[in-house]
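Each remark here refers to the structure printed beneath this line.
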Amino acid sequence: MTAVPRPHEFWRERLRVPNYGVGDAARYTDVSSGTIRNWERLSNRPSPLAPRAKGKALSYLQLIELAVVAAAKDAGVKLPVIRQTREYMSRVLGAEYPFAEYRFKTDGKDLWIDFLEAGGKGGDGKLLKASDKGQLAWAEIIGRLREFEYDKAIGLAVRWHVAGENSSVVIDPRVQFGRPSVRGVPTWILAERAKSGDSVAYLSKDYGIPKDAVIDALAFEDQGGNVSGAWSH
C-alpha cells in the first residue's frame, strides 16, 4: 500500500507536475524558448536536460535542471561538458534529475560535486569532477552556483533565487505552488497592485513585508526595466 504523504509534505507531489510553460521558463532563466527546445532535442548526442513530453509544460524538477544548466553556461562551462556531466551523474549515481538533486560547483570549465555527497569515503574537503574521469580537487579552489539552496535531508534544490542571490525573489515548491514570490507573496500580485496605483510603502504595509522585498518583486516582474518612480513612494 502506498504511503500517504503527511499534510505538510503534499508539495512533494507537485515536483513532477507540469507547471511552467516554456515561455515562463525562458523568462526565469534568461534563455530563449528556441534555445531550450534545441537543448532538449540535440541530435545524436545526449541532452543536458531531462526528457519532456512534446507540448508539455516543465515540472519544478525540469525547471531547476534548466536553471542550473543556464547558470553553468553563464559561468563559462561549455555545453558538451554539461551534457557529459549529466550523463555521468545519471549512469554512475543513478540520478534522474542530477542538476536538481546535487549541489554543483564550478571553476568556469567543469562541474564538480562534494566527494562525500557522491558516496565517497575519506574525501572530506574534496570535490569530484562530475564526468567520466571522476577527478578529485580541493573544495577551496572552486565556487558554488550560489543562487540555488539545497536541503541535504531531502536531496533536492528546494529554493532558487530566480533573480539572483541578492534578490528576495525565489521559486520554492513549498511556497505558492512554486510560483515566483517574496516572503510568501506572489510577485505577480504585487506587480498588478502596483500597476493599479499602490505604492511600495502601501504594499509593504498591506502585506507585512519589507519595502526592499516589494521593490525586488516589482523589478523582477518588470523584467530588467526601471521600477516606476510612482511605485517607490
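Labels for the C-alpha cells follow display order: chains A, B, ..., residues from 1 in each chain, ligands from 1.
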Please extract the residues of region 5-106 of chain A with a backbone DSSP assignment of alpha helix (DSSP H) and present them as a JSON list (two decimals) with C-alpha atoms, in the first residue's frame.
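Result file is selection_30.json:
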[["chain", "number", "residue", "atom", "x", "y", "z"],
["A", 22, "VAL", "CA", 8.31, 27.20, -21.88],
["A", 23, "GLY", "CA", 7.80, 30.96, -22.13],
["A", 24, "ASP", "CA", 7.87, 31.35, -18.35],
["A", 25, "ALA", "CA", 10.88, 29.06, -18.05],
["A", 26, "ALA", "CA", 12.68, 31.10, -20.70],
["A", 27, "ARG", "CA", 11.89, 34.32, -18.85],
["A", 28, "TYR", "CA", 13.01, 32.99, -15.47],
["A", 29, "THR", "CA", 16.29, 31.57, -16.81],
["A", 33, "SER", "CA", 12.45, 29.36, -25.85],
["A", 34, "GLY", "CA", 14.25, 28.27, -29.01],
["A", 35, "THR", "CA", 17.44, 27.53, -27.09],
["A", 36, "ILE", "CA", 15.52, 25.44, -24.56],
["A", 37, "ARG", "CA", 13.97, 23.37, -27.34],
["A", 38, "ASN", "CA", 17.34, 23.00, -29.07],
["A", 39, "TRP", "CA", 18.96, 21.74, -25.87],
["A", 40, "GLU", "CA", 16.14, 19.21, -25.48],
["A", 60, "TYR", "CA", 9.71, 22.04, -10.95],
["A", 61, "LEU", "CA", 12.49, 19.46, -11.30],
["A", 62, "GLN", "CA", 12.83, 20.18, -15.02],
["A", 63, "LEU", "CA", 12.83, 23.93, -14.37],
["A", 64, "ILE", "CA", 15.65, 23.65, -11.82],
["A", 65, "GLU", "CA", 17.67, 21.49, -14.19],
["A", 66, "LEU", "CA", 17.24, 24.12, -16.89],
["A", 67, "ALA", "CA", 18.23, 26.86, -14.44],
["A", 68, "VAL", "CA", 21.39, 25.02, -13.37],
["A", 69, "VAL", "CA", 22.38, 24.40, -16.99],
["A", 70, "ALA", "CA", 21.82, 28.08, -17.79],
["A", 71, "ALA", "CA", 23.84, 29.15, -14.72],
["A", 72, "ALA", "CA", 26.67, 26.79, -15.63],
["A", 73, "LYS", "CA", 26.71, 28.17, -19.16],
["A", 74, "ASP", "CA", 26.83, 31.72, -17.79],
["A", 79, "LEU", "CA", 27.53, 22.61, -23.29],
["A", 80, "PRO", "CA", 29.42, 19.36, -24.17],
["A", 81, "VAL", "CA", 30.84, 19.32, -20.61],
["A", 82, "ILE", "CA", 27.36, 19.86, -19.16],
["A", 83, "ARG", "CA", 25.99, 17.01, -21.28],
["A", 84, "GLN", "CA", 28.85, 14.76, -20.18],
["A", 85, "THR", "CA", 28.21, 15.70, -16.55],
["A", 86, "ARG", "CA", 24.53, 14.81, -16.75],
["A", 87, "GLU", "CA", 25.29, 11.51, -18.46],
["A", 88, "TYR", "CA", 27.88, 10.62, -15.81],
["A", 89, "MET", "CA", 25.59, 11.53, -12.91],
["A", 90, "SER", "CA", 22.72, 9.53, -14.38],
["A", 91, "ARG", "CA", 24.81, 6.48, -15.20],
["A", 92, "VAL", "CA", 27.12, 6.29, -12.19],
["A", 93, "LEU", "CA", 24.93, 7.75, -9.42],
["A", 98, "PRO", "CA", 21.01, 15.24, -11.27],
["A", 99, "PHE", "CA", 21.08, 19.02, -11.70],
["A", 100, "ALA", "CA", 18.18, 19.34, -9.25],
["A", 101, "GLU", "CA", 19.39, 16.67, -6.83]]
Computed gap from CA of Asn19 (chain A) to CA of Ala53 (chain A) is 13.1 Å
When DSSP works through the backbone of this structure, what residues of region 17-223 of chain A end up as strand (DSSP E or B), shown as an MDAnalysis selection string? chainID A and resid 20 58 105:106 111:114 126:129 136:138 143:144 148:151 156:160 170:171 181:182 185:186
Could you dump the residues just selected with C-alpha atoms as a PDB file, in the first residue's frame?
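So again-v1.pdb came out as:
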ATOM      1  CA  TYR A  20       5.856  26.115 -16.002  1.00  0.00           C
ATOM      2  CA  LEU A  58       8.066  21.929 -17.374  1.00  0.00           C
ATOM      3  CA  LYS A 105      30.419  23.928  -8.003  1.00  0.00           C
ATOM      4  CA  THR A 106      32.314  25.229 -10.984  1.00  0.00           C
ATOM      5  CA  LEU A 111      31.218  20.966 -12.873  1.00  0.00           C
ATOM      6  CA  TRP A 112      32.045  19.355  -9.528  1.00  0.00           C
ATOM      7  CA  ILE A 113      30.157  17.914  -6.553  1.00  0.00           C
ATOM      8  CA  ASP A 114      31.235  17.174  -2.990  1.00  0.00           C
ATOM      9  CA  LYS A 126      37.425  17.318  -1.724  1.00  0.00           C
ATOM     10  CA  LEU A 127      35.312  17.551  -4.855  1.00  0.00           C
ATOM     11  CA  LEU A 128      34.576  15.035  -7.566  1.00  0.00           C
ATOM     12  CA  LYS A 129      34.565  16.119 -11.199  1.00  0.00           C
ATOM     13  CA  LEU A 136      39.277  14.947  -7.381  1.00  0.00           C
ATOM     14  CA  ALA A 137      40.134  18.520  -6.355  1.00  0.00           C
ATOM     15  CA  TRP A 138      40.227  20.570  -3.158  1.00  0.00           C
ATOM     16  CA  GLY A 143      32.967  28.462  -6.231  1.00  0.00           C
ATOM     17  CA  ARG A 144      29.373  27.305  -5.870  1.00  0.00           C
ATOM     18  CA  PHE A 148      20.432  27.543  -5.546  1.00  0.00           C
ATOM     19  CA  GLU A 149      19.703  26.358  -1.979  1.00  0.00           C
ATOM     20  CA  TYR A 150      19.729  22.622  -1.262  1.00  0.00           C
ATOM     21  CA  ASP A 151      18.293  20.546   1.546  1.00  0.00           C
ATOM     22  CA  LEU A 156      16.906  18.427  -3.634  1.00  0.00           C
ATOM     23  CA  ALA A 157      17.300  22.063  -4.605  1.00  0.00           C
ATOM     24  CA  VAL A 158      14.364  23.464  -2.630  1.00  0.00           C
ATOM     25  CA  ARG A 159      14.828  27.160  -3.357  1.00  0.00           C
ATOM     26  CA  TRP A 160      16.021  29.064  -6.426  1.00  0.00           C
ATOM     27  CA  VAL A 170      12.533  32.896  -5.009  1.00  0.00           C
ATOM     28  CA  ILE A 171      10.920  29.878  -6.604  1.00  0.00           C
ATOM     29  CA  SER A 181       7.355  35.046  -4.662  1.00  0.00           C
ATOM     30  CA  VAL A 182       8.857  37.290  -1.986  1.00  0.00           C
ATOM     31  CA  VAL A 185       3.678  36.792  -1.600  1.00  0.00           C
ATOM     32  CA  PRO A 186       3.481  36.089  -5.372  1.00  0.00           C
TER      33      PRO A 186
END
When you count only C-alpha atoms, which of these residues is closest to Gly76 (chain A): A:Lys109, A:Pro180, A:Asp172, A:Gly197? A:Lys109
Give me the residues near region 215-224 of chain A as a PyMOL selection string, where near means some atom within 7 Å (using only C-alpha atoms) and where sequence neighbours in that chain fewer than 4 positions away do not count. chain A and resi 163+167-169+182+187-188+190-191+200+211
Contact residues around Trp11 (chain A) with only C-alpha atoms at 12 Å, ignoring same-chain residues under 5 positions, as a ChimeraX atom specification: /A:5-6,16-17,60,158,172-178
Rounded to one decimal place, report the CA of Ala50 (chain A)-CA of Arg179 (chain A) distance in Å. 20.6 Å
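Of the residues listed (A:Glu165, A:Val214, A:Arg193, A:Tyr97), A:Tyr97 shows the shortest atom-to-atom separation from Leu15 (chain A); distances use only C-alpha atoms.
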Give me, please, the distance in Å between CA of Ala95 (chain A) and CA of Gly155 (chain A), quoted to one decimal. 10.7 Å
